[in-house]
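To start, the structure under review is shown below, and the notes come after it.
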Amino acid sequence: MTIARWPVFALFIAVLAIGAPAFAGDDHAPGAPVILDESKAAPGEKELLGRLVAPCCWNQTLDVHGGAAPDQLRAEIRKRLLSGESAASIEADFVARYGDRVRASSDSSSLGSAGFVVGGFALMAGVALIYAVRRWLRTARAAKANAAPAVPEERDALDAQLDDELRAMD
């Protein structure tokens, strides 16, 4: 390594050395799973946290999402469960505060119904397409079978005269 590259290398090492401790102690780095202490968990807490999405970004459920806002929500849920409130009432309260989007899996069956409707229409369209193609093929075969073979027409006197004149020219 040349002497001109040493300052760049030293700066690179310094940046790594300064930045490493900041990430080393960060339990809530983006994408890092949150480890819940099972010994302090209230009954039903883990299941409820897995059913609710973090309303700060709507990407992950509260049981794995890191950050200050999810930490506050987890603490609120634990406190309410330990005070005797049911998980269903807490979930209903979260839905009232944040909307149905806060649920990781919706209870509504409208999406399932829409899937059945779209699937039914696709099935009917497929059956209609098969019916139309078969009908078209059957019609084409019948037209081909019913086509009269090319029969030479009867020759009349003018055709014979024309042929005689053409032979005479040769």
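In the structure tokens, the first chain shown is A, the next is B, and so on; residue numbers restart at 1 for each chain, and ligands run from 1 in the order shown.
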**Report entry** Near-Gly99 of chain A list (12 Å; only C-alpha atoms; drop same-chain fewer than 4 positions) as a list in words
**Finding:** Leu52, Val53, Ala54, Pro55, Trp58, Glu91, Ala92, Asp93, Phe94, Val95, Arg103, Ala104 and Ser106 of chain A
Query raised in the report: Contacts of Leu73 of chain A at 10 Å or less, counting only C-alpha atoms, minus same-chain residues fewer than 3 places along, as a list in words?
Result: Leu49, Ala54, Pro55, Leu62, Ala68, Ala69, Pro70, Glu76, Ile77, Arg78, Lys79 and Phe94 of chain A
Pull C-alpha atoms from the residues just selected and write them as a PDB file, in the first residue's frame.
ATOM      1  CA  LEU A  49     -48.736  -9.702  19.852  1.00  0.00           C
ATOM      2  CA  ALA A  54     -47.230  -2.456  14.423  1.00  0.00           C
ATOM      3  CA  PRO A  55     -49.117   0.711  13.407  1.00  0.00           C
ATOM      4  CA  LEU A  62     -45.736  -6.510  17.398  1.00  0.00           C
ATOM      5  CA  ALA A  68     -39.938   2.741  20.596  1.00  0.00           C
ATOM      6  CA  ALA A  69     -43.568   2.770  19.450  1.00  0.00           C
ATOM      7  CA  PRO A  70     -43.927  -1.043  19.400  1.00  0.00           C
ATOM      8  CA  GLU A  76     -49.510  -1.400  27.275  1.00  0.00           C
ATOM      9  CA  ILE A  77     -50.724  -4.835  26.203  1.00  0.00           C
ATOM     10  CA  ARG A  78     -48.782  -6.583  28.992  1.00  0.00           C
ATOM     11  CA  LYS A  79     -50.094  -4.139  31.595  1.00  0.00           C
ATOM     12  CA  PHE A  94     -56.652  -1.674  18.913  1.00  0.00           C
TER      13      PHE A  94
END
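In this structure, atom CA of Val102 of chain A sits 13.5 Å away from atom CA of Ala88 of chain A.
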Query raised in the report: as a ChimeraX atom specification, which residues of segment 51-131 of chain A does DSSP assign to helix (DSSP H, G or I)?
Result: /A:51,68-82,87-98,100-102,110-131
Report summary line: From the list A:Glu154, A:Leu48, A:Cys56, A:Phe9, the nearest residue to Tyr98 of chain A using only C-alpha atoms is A:Cys56
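Counting from atom CA of Gly67 of chain A, the distance to atom CA of Pro43 of chain A is 23.1 Å.
Taking atom CA of Ala87 of chain A and atom CA of Glu45 of chain A as the two end points, the separation is 7.6 Å.
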Query raised in the report: Which residue out of A:Met169, A:Ile90, A:Ala160, A:Leu81 has the minimum interatomic distance to Arg51 of chain A when only C-alpha atoms are used?
Result: A:Ile90
